[in-house]
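Engineer: Structure supplied as entry_35.txt; contents: compact mmCIF, N, CA, C and O atoms.
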```txt
# COMPACT_ATOMS: atom_id res chain seq x y z
N MET A 204 83.87 90.58 78.16
CA MET A 204 85.20 91.01 78.57
C MET A 204 85.23 91.12 80.09
O MET A 204 84.54 90.39 80.77
N LEU A 205 85.98 92.03 80.62
CA LEU A 205 86.14 92.14 82.06
C LEU A 205 84.90 92.77 82.70
O LEU A 205 84.39 93.77 82.22
N SER A 206 84.44 92.15 83.76
CA SER A 206 83.29 92.67 84.47
C SER A 206 83.34 92.17 85.90
O SER A 206 83.54 90.98 86.13
N THR A 207 83.16 93.07 86.84
CA THR A 207 83.17 92.64 88.24
C THR A 207 81.90 91.91 88.61
O THR A 207 81.87 91.18 89.59
N ASP A 208 80.84 92.09 87.85
CA ASP A 208 79.58 91.43 88.16
C ASP A 208 79.15 90.48 87.05
O ASP A 208 77.98 90.27 86.81
N ARG A 209 80.11 89.87 86.37
CA ARG A 209 79.83 89.01 85.23
C ARG A 209 78.86 87.88 85.58
O ARG A 209 77.96 87.58 84.83
N ASP A 210 79.04 87.27 86.75
CA ASP A 210 78.20 86.14 87.11
C ASP A 210 76.77 86.54 87.42
O ASP A 210 75.89 85.69 87.47
N CYS A 211 76.53 87.82 87.65
CA CYS A 211 75.18 88.29 87.95
C CYS A 211 74.40 88.64 86.70
O CYS A 211 73.19 88.83 86.76
N LYS A 212 75.07 88.73 85.57
CA LYS A 212 74.40 89.09 84.33
C LYS A 212 73.82 87.84 83.67
O LYS A 212 74.36 86.75 83.81
N PRO A 213 72.73 88.01 82.94
CA PRO A 213 72.16 86.87 82.21
C PRO A 213 73.21 86.24 81.30
O PRO A 213 73.90 86.93 80.55
N GLY A 214 73.36 84.94 81.41
CA GLY A 214 74.33 84.24 80.57
C GLY A 214 75.71 84.17 81.20
O GLY A 214 76.59 83.48 80.70
N GLY A 215 75.95 84.88 82.28
CA GLY A 215 77.26 84.89 82.93
C GLY A 215 77.69 83.53 83.42
O GLY A 215 78.88 83.23 83.49
N GLU A 216 76.71 82.70 83.74
CA GLU A 216 77.03 81.36 84.24
C GLU A 216 77.71 80.50 83.17
O GLU A 216 78.37 79.52 83.48
N HIS A 217 77.60 80.90 81.91
CA HIS A 217 78.24 80.15 80.83
C HIS A 217 79.73 80.47 80.74
O HIS A 217 80.45 79.81 80.01
N PHE A 218 80.18 81.48 81.45
CA PHE A 218 81.57 81.91 81.38
C PHE A 218 82.22 81.86 82.76
O PHE A 218 82.88 82.79 83.18
N ALA A 219 82.00 80.74 83.45
CA ALA A 219 82.51 80.62 84.82
C ALA A 219 84.03 80.63 84.87
O ALA A 219 84.61 81.09 85.84
N VAL A 220 84.69 80.12 83.85
CA VAL A 220 86.15 80.11 83.81
C VAL A 220 86.61 81.26 82.92
O VAL A 220 86.26 81.32 81.74
N PRO A 221 87.37 82.19 83.49
CA PRO A 221 87.81 83.34 82.68
C PRO A 221 88.81 82.92 81.62
O PRO A 221 89.54 81.94 81.77
N THR A 222 88.85 83.68 80.55
CA THR A 222 89.83 83.43 79.50
C THR A 222 91.20 83.93 79.98
O THR A 222 91.29 84.71 80.94
N LEU A 223 92.24 83.51 79.30
CA LEU A 223 93.59 83.96 79.63
C LEU A 223 93.67 85.48 79.48
O LEU A 223 94.29 86.17 80.29
N GLY A 224 93.01 86.03 78.48
CA GLY A 224 93.00 87.48 78.28
C GLY A 224 92.35 88.21 79.44
O GLY A 224 92.81 89.27 79.86
N GLU A 225 91.27 87.64 79.98
CA GLU A 225 90.62 88.24 81.14
C GLU A 225 91.54 88.23 82.36
O GLU A 225 91.64 89.21 83.09
N VAL A 226 92.21 87.10 82.58
CA VAL A 226 93.13 87.00 83.71
C VAL A 226 94.27 88.00 83.55
O VAL A 226 94.60 88.73 84.48
N GLU A 227 94.85 88.06 82.36
CA GLU A 227 95.94 89.02 82.11
C GLU A 227 95.45 90.45 82.28
O GLU A 227 96.15 91.29 82.84
N GLY A 228 94.25 90.73 81.82
CA GLY A 228 93.69 92.07 81.96
C GLY A 228 93.48 92.45 83.41
O GLY A 228 93.77 93.57 83.83
N LYS A 229 92.99 91.50 84.20
CA LYS A 229 92.77 91.77 85.62
C LYS A 229 94.10 91.98 86.34
O LYS A 229 94.20 92.86 87.21
N LEU A 230 95.11 91.19 86.00
CA LEU A 230 96.43 91.38 86.62
C LEU A 230 97.02 92.74 86.24
O LEU A 230 97.57 93.44 87.08
N MET A 231 96.90 93.11 84.97
CA MET A 231 97.40 94.40 84.52
C MET A 231 96.68 95.53 85.24
O MET A 231 97.31 96.48 85.72
N LEU A 232 95.38 95.41 85.36
CA LEU A 232 94.59 96.43 86.04
C LEU A 232 94.99 96.54 87.51
O LEU A 232 95.14 97.65 88.03
N SER A 233 95.19 95.41 88.16
CA SER A 233 95.62 95.44 89.56
C SER A 233 96.95 96.16 89.71
O SER A 233 97.13 96.95 90.63
N GLU A 234 97.87 95.89 88.80
CA GLU A 234 99.17 96.56 88.85
C GLU A 234 99.02 98.05 88.62
O GLU A 234 99.60 98.86 89.35
N LEU A 235 98.21 98.44 87.65
CA LEU A 235 98.03 99.86 87.35
C LEU A 235 97.40 100.61 88.52
O LEU A 235 97.82 101.71 88.86
N VAL A 236 96.39 99.99 89.15
CA VAL A 236 95.74 100.62 90.30
C VAL A 236 96.73 100.76 91.45
O VAL A 236 96.83 101.82 92.08
N ALA A 237 97.49 99.70 91.72
CA ALA A 237 98.47 99.74 92.81
C ALA A 237 99.52 100.82 92.57
O ALA A 237 99.84 101.61 93.46
N VAL A 238 100.06 100.87 91.36
CA VAL A 238 101.09 101.85 91.05
C VAL A 238 100.53 103.27 91.11
O VAL A 238 101.16 104.17 91.68
N ALA A 239 99.33 103.48 90.58
CA ALA A 239 98.73 104.82 90.61
C ALA A 239 98.51 105.28 92.05
O ALA A 239 98.82 106.43 92.40
N CYS A 240 98.00 104.39 92.89
CA CYS A 240 97.77 104.75 94.30
C CYS A 240 99.09 105.06 95.00
O CYS A 240 99.20 106.04 95.74
N LEU A 241 100.09 104.23 94.78
CA LEU A 241 101.39 104.46 95.41
C LEU A 241 102.05 105.74 94.89
O LEU A 241 102.69 106.46 95.65
N GLN A 242 101.88 106.02 93.61
CA GLN A 242 102.45 107.27 93.07
C GLN A 242 101.85 108.47 93.78
O GLN A 242 102.55 109.41 94.12
N GLU A 243 100.54 108.43 94.01
CA GLU A 243 99.90 109.53 94.72
C GLU A 243 100.43 109.65 96.14
O GLU A 243 100.70 110.75 96.62
N LEU A 244 100.58 108.54 96.81
CA LEU A 244 101.13 108.57 98.17
C LEU A 244 102.55 109.11 98.19
O LEU A 244 102.91 109.93 99.03
N LEU A 245 103.38 108.65 97.26
CA LEU A 245 104.78 109.07 97.23
C LEU A 245 104.92 110.52 96.81
O LEU A 245 105.79 111.23 97.30
N THR A 246 104.06 110.97 95.91
CA THR A 246 104.09 112.36 95.47
C THR A 246 103.81 113.29 96.64
O THR A 246 104.38 114.37 96.75
N LYS A 247 102.96 112.88 97.52
CA LYS A 247 102.58 113.71 98.65
C LYS A 247 103.47 113.47 99.87
O LYS A 247 103.13 113.84 100.98
N GLU A 248 104.61 112.80 99.64
CA GLU A 248 105.58 112.55 100.71
C GLU A 248 105.00 111.71 101.85
O GLU A 248 105.35 111.89 103.00
N HIS A 249 104.12 110.80 101.53
CA HIS A 249 103.55 109.92 102.54
C HIS A 249 104.16 108.54 102.46
O HIS A 249 103.50 107.53 102.66
N ALA A 250 105.44 108.45 102.17
CA ALA A 250 106.11 107.17 102.02
C ALA A 250 105.94 106.27 103.24
O ALA A 250 105.84 105.06 103.09
N PRO A 251 105.89 106.79 104.49
CA PRO A 251 105.70 105.89 105.64
C PRO A 251 104.40 105.09 105.57
O PRO A 251 104.27 104.06 106.22
N ILE A 252 103.46 105.54 104.78
CA ILE A 252 102.18 104.83 104.67
C ILE A 252 102.37 103.46 104.03
O ILE A 252 101.57 102.56 104.24
N VAL A 253 103.44 103.29 103.26
CA VAL A 253 103.68 102.00 102.61
C VAL A 253 103.82 100.89 103.65
O VAL A 253 103.29 99.79 103.47
N GLU A 254 104.48 101.17 104.76
CA GLU A 254 104.62 100.17 105.82
C GLU A 254 103.26 99.86 106.44
O GLU A 254 102.96 98.71 106.77
N LYS A 255 102.42 100.86 106.55
CA LYS A 255 101.06 100.64 107.05
C LYS A 255 100.28 99.76 106.08
O LYS A 255 99.52 98.87 106.49
N VAL A 256 100.47 99.98 104.79
CA VAL A 256 99.83 99.16 103.77
C VAL A 256 100.30 97.71 103.89
O VAL A 256 99.49 96.77 103.81
N ARG A 257 101.60 97.52 104.10
CA ARG A 257 102.14 96.16 104.29
C ARG A 257 101.46 95.46 105.46
O ARG A 257 101.07 94.29 105.34
N ARG A 258 101.32 96.15 106.57
CA ARG A 258 100.68 95.55 107.74
C ARG A 258 99.22 95.20 107.46
O ARG A 258 98.72 94.15 107.87
N ARG A 259 98.54 96.08 106.74
CA ARG A 259 97.13 95.83 106.40
C ARG A 259 97.01 94.62 105.47
O ARG A 259 96.12 93.77 105.64
N ILE A 260 97.89 94.53 104.49
CA ILE A 260 97.88 93.39 103.58
C ILE A 260 98.09 92.10 104.36
O ILE A 260 97.37 91.11 104.16
N LEU A 261 99.06 92.10 105.26
CA LEU A 261 99.35 90.92 106.05
C LEU A 261 98.13 90.51 106.89
O LEU A 261 97.72 89.35 106.91
N ARG A 262 97.51 91.47 107.56
CA ARG A 262 96.34 91.19 108.39
C ARG A 262 95.19 90.64 107.54
O ARG A 262 94.58 89.62 107.88
N ASP A 263 94.91 91.30 106.42
CA ASP A 263 93.79 90.87 105.57
C ASP A 263 94.06 89.51 104.94
O ASP A 263 93.15 88.68 104.81
N LEU A 264 95.32 89.28 104.53
CA LEU A 264 95.65 87.98 103.94
C LEU A 264 95.50 86.85 104.95
O LEU A 264 94.99 85.78 104.62
N LYS A 265 95.97 87.08 106.17
CA LYS A 265 95.82 86.04 107.20
C LYS A 265 94.35 85.70 107.40
O LYS A 265 93.98 84.53 107.49
N HIS A 266 93.51 86.72 107.44
CA HIS A 266 92.08 86.50 107.63
C HIS A 266 91.49 85.71 106.45
O HIS A 266 90.78 84.72 106.64
N ARG A 267 91.80 86.13 105.24
CA ARG A 267 91.24 85.46 104.06
C ARG A 267 91.78 84.05 103.90
O ARG A 267 91.05 83.15 103.48
N CYS A 268 93.06 83.86 104.21
CA CYS A 268 93.64 82.52 104.13
C CYS A 268 92.96 81.59 105.13
O CYS A 268 92.73 80.41 104.84
N ARG A 269 92.64 82.12 106.30
CA ARG A 269 91.94 81.34 107.31
C ARG A 269 90.55 80.94 106.79
O ARG A 269 90.13 79.80 106.95
N LEU A 270 89.85 81.90 106.17
CA LEU A 270 88.52 81.60 105.62
C LEU A 270 88.59 80.52 104.53
O LEU A 270 87.70 79.68 104.42
N LEU A 271 89.66 80.57 103.73
CA LEU A 271 89.83 79.58 102.66
C LEU A 271 90.42 78.27 103.16
O LEU A 271 90.56 77.32 102.39
N LYS A 272 90.84 78.26 104.44
CA LYS A 272 91.44 77.08 105.05
C LYS A 272 92.70 76.64 104.32
O LYS A 272 92.91 75.45 104.07
N LEU A 273 93.53 77.62 103.94
CA LEU A 273 94.79 77.30 103.29
C LEU A 273 95.77 76.74 104.31
O LEU A 273 95.77 77.15 105.47
N CYS A 274 96.60 75.84 103.86
CA CYS A 274 97.63 75.31 104.76
C CYS A 274 98.68 76.38 104.98
O CYS A 274 98.75 77.39 104.27
N ALA A 275 99.53 76.17 105.97
CA ALA A 275 100.55 77.15 106.33
C ALA A 275 101.48 77.46 105.16
O ALA A 275 101.85 78.61 104.94
N ALA A 276 101.85 76.45 104.39
CA ALA A 276 102.75 76.66 103.25
C ALA A 276 102.10 77.54 102.18
O ALA A 276 102.74 78.43 101.62
N ASP A 277 100.83 77.28 101.91
CA ASP A 277 100.11 78.09 100.92
C ASP A 277 99.91 79.52 101.42
O ASP A 277 100.00 80.48 100.65
N GLU A 278 99.63 79.67 102.71
CA GLU A 278 99.48 81.00 103.29
C GLU A 278 100.79 81.79 103.17
O GLU A 278 100.79 82.96 102.79
N LYS A 279 101.90 81.13 103.47
CA LYS A 279 103.21 81.79 103.37
C LYS A 279 103.51 82.17 101.92
O LYS A 279 103.97 83.28 101.64
N ALA A 280 103.23 81.27 100.99
CA ALA A 280 103.47 81.55 99.57
C ALA A 280 102.62 82.72 99.10
O ALA A 280 103.09 83.59 98.37
N THR A 281 101.38 82.76 99.55
CA THR A 281 100.47 83.86 99.18
C THR A 281 100.98 85.18 99.74
O THR A 281 101.01 86.19 99.04
N THR A 282 101.40 85.17 101.00
CA THR A 282 101.91 86.38 101.64
C THR A 282 103.20 86.85 100.96
O THR A 282 103.36 88.04 100.68
N ASP A 283 104.10 85.92 100.68
CA ASP A 283 105.35 86.27 99.99
C ASP A 283 105.06 86.91 98.64
O ASP A 283 105.66 87.93 98.27
N TYR A 284 104.12 86.32 97.90
CA TYR A 284 103.77 86.86 96.59
C TYR A 284 103.16 88.25 96.71
O TYR A 284 103.50 89.16 95.95
N ALA A 285 102.29 88.43 97.69
CA ALA A 285 101.65 89.74 97.89
C ALA A 285 102.70 90.81 98.15
O ALA A 285 102.64 91.91 97.60
N PHE A 286 103.69 90.49 98.98
CA PHE A 286 104.73 91.47 99.28
C PHE A 286 105.65 91.71 98.09
O PHE A 286 106.14 92.82 97.90
N GLN A 287 105.86 90.69 97.26
CA GLN A 287 106.64 90.89 96.04
C GLN A 287 105.91 91.85 95.11
O GLN A 287 106.52 92.74 94.51
N VAL A 288 104.59 91.68 95.00
CA VAL A 288 103.78 92.58 94.16
C VAL A 288 103.83 94.00 94.71
O VAL A 288 104.04 94.97 93.96
N LEU A 289 103.68 94.14 96.02
CA LEU A 289 103.73 95.47 96.64
C LEU A 289 105.09 96.12 96.41
O LEU A 289 105.16 97.29 96.03
N GLU A 290 106.16 95.38 96.63
CA GLU A 290 107.50 95.94 96.46
C GLU A 290 107.76 96.34 95.01
O GLU A 290 108.36 97.39 94.74
N ALA A 291 107.27 95.52 94.05
CA ALA A 291 107.43 95.88 92.64
C ALA A 291 106.65 97.15 92.33
O ALA A 291 107.14 98.02 91.60
N ALA A 292 105.46 97.28 92.89
CA ALA A 292 104.65 98.48 92.66
C ALA A 292 105.32 99.70 93.29
O ALA A 292 105.33 100.79 92.69
N VAL A 293 105.90 99.53 94.48
CA VAL A 293 106.59 100.65 95.14
C VAL A 293 107.80 101.07 94.29
O VAL A 293 108.04 102.27 94.09
N ARG A 294 108.56 100.10 93.78
CA ARG A 294 109.71 100.43 92.93
C ARG A 294 109.26 101.18 91.67
O ARG A 294 109.85 102.18 91.29
N GLU A 295 108.21 100.68 91.05
CA GLU A 295 107.68 101.31 89.83
C GLU A 295 107.19 102.72 90.12
O GLU A 295 107.50 103.67 89.41
N ALA A 296 106.43 102.87 91.19
CA ALA A 296 105.91 104.18 91.55
C ALA A 296 107.05 105.12 91.92
O ALA A 296 107.06 106.29 91.54
N GLY A 297 108.03 104.61 92.66
CA GLY A 297 109.18 105.42 93.06
C GLY A 297 110.01 105.87 91.87
O GLY A 297 110.49 107.00 91.83
N SER A 298 110.15 105.01 90.88
CA SER A 298 110.93 105.38 89.70
C SER A 298 110.23 106.47 88.89
O SER A 298 110.87 107.28 88.24
N LYS A 299 108.91 106.49 88.95
CA LYS A 299 108.15 107.49 88.19
C LYS A 299 108.01 108.81 88.93
O LYS A 299 107.74 109.83 88.33
N THR A 300 108.16 108.77 90.26
CA THR A 300 108.03 110.00 91.04
C THR A 300 109.37 110.52 91.52
O THR A 300 109.43 111.61 92.08
N GLY A 301 110.42 109.72 91.34
CA GLY A 301 111.74 110.16 91.80
C GLY A 301 112.01 109.85 93.26
O GLY A 301 113.01 110.26 93.81
N HIS A 302 111.12 109.11 93.91
CA HIS A 302 111.31 108.72 95.31
C HIS A 302 111.78 107.27 95.34
O HIS A 302 111.07 106.40 94.88
N GLY A 303 112.93 107.03 95.88
CA GLY A 303 113.38 105.66 96.06
C GLY A 303 113.02 105.22 97.45
O GLY A 303 113.32 105.88 98.41
N LEU A 304 112.33 104.11 97.55
CA LEU A 304 111.95 103.59 98.86
C LEU A 304 112.58 102.25 99.09
O LEU A 304 112.48 101.36 98.25
N ALA A 305 113.20 102.11 100.21
CA ALA A 305 113.75 100.80 100.58
C ALA A 305 112.74 100.12 101.47
O ALA A 305 112.05 100.74 102.26
N ARG A 306 112.64 98.82 101.31
CA ARG A 306 111.72 98.03 102.13
C ARG A 306 112.27 97.93 103.54
O ARG A 306 113.44 97.72 103.75
N SER A 307 111.36 98.06 104.50
CA SER A 307 111.76 97.88 105.90
C SER A 307 111.98 96.42 106.16
O SER A 307 111.24 95.57 105.63
N PRO A 308 112.97 96.05 106.98
CA PRO A 308 113.21 94.63 107.25
C PRO A 308 112.10 93.99 108.04
O PRO A 308 111.29 94.57 108.63
```
Would you kindly transcribe this structure into structure tokens?
Structural biologist:
Amino acid sequence: MLSTDRDCKPGGEHFAVPTLGEVEGKLMLSELVAVACLQELLTKEHAPIVEKVRRRILRDLKHRCRLLKLCAADEKATTDYAFQVLEAAVREAGSKTGHGLARSP
């Protein structure tokens, strides 16, 4: 099943391509972690930190995209998707904590 060190375990090399269930599980887990973290931030009235998180995501994505040698179009698509995920998590967290956050332009 899901394991962060699957390839390091004996036999892990036989499962180099994850199953659809593993991919879905990892996506679900990423969403849950993001929402839980944002809920904690919003609960403590640290909503301005979300903009700091956006800047950090942008910086880290640019670095990783450079390492992967992605073209400009792929880098933009990746960044757009990352911000869509962040905004969805902020909306979800805000709806559960009662804090509505608007995205900064």
Engineer: Report, in Å with one decimal, the straight-line distance from atom C of Leu241 in chain A to CA of Gly297 in chain A.
Structural biologist: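 Those two atoms sit 7.4 Å apart.
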Engineer: Can you tell me, as JSON, numbers by chain, what residues are no more than 8 Å from range 259-273 of chain A when counting all atoms listed in the file, ignoring any on the same chain fewer than 6 positions away?
Structural biologist: {"A": [252, 253, 279, 281, 282, 285, 286]}
Engineer: Here is a test: counting all atoms listed in the file, which residue of A:Ser298, A:Ala292, A:Leu223, A:Glu278 is nearest to Cys240 in chain A?
Structural biologist: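 So, comparing all the options, the nearest one is A:Ala292.
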Engineer: Report the distance between CA of Arg257 in chain A and atom O of Glu227 in chain A in Å, rounded to one decimal place.
Structural biologist: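 Calculated distance between CA of Arg257 in chain A and atom O of Glu227 in chain A is 22.8 Å.
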Engineer: If you measure from CA of Tyr284 in chain A to atom C of Ala296 in chain A, what distance in Å do you get, rounded to one decimal?
Structural biologist: 19.1 Å
Engineer: Need to verify the contact set: Ala237 in chain A, 8 Å, only N, CA, C and O atoms, exclusion of same-chain residues closer than 5 positions in sequence. Can you return it as a ChimeraX atom specification?
Structural biologist: /A:230-232,242-244,288-289,292-293,296
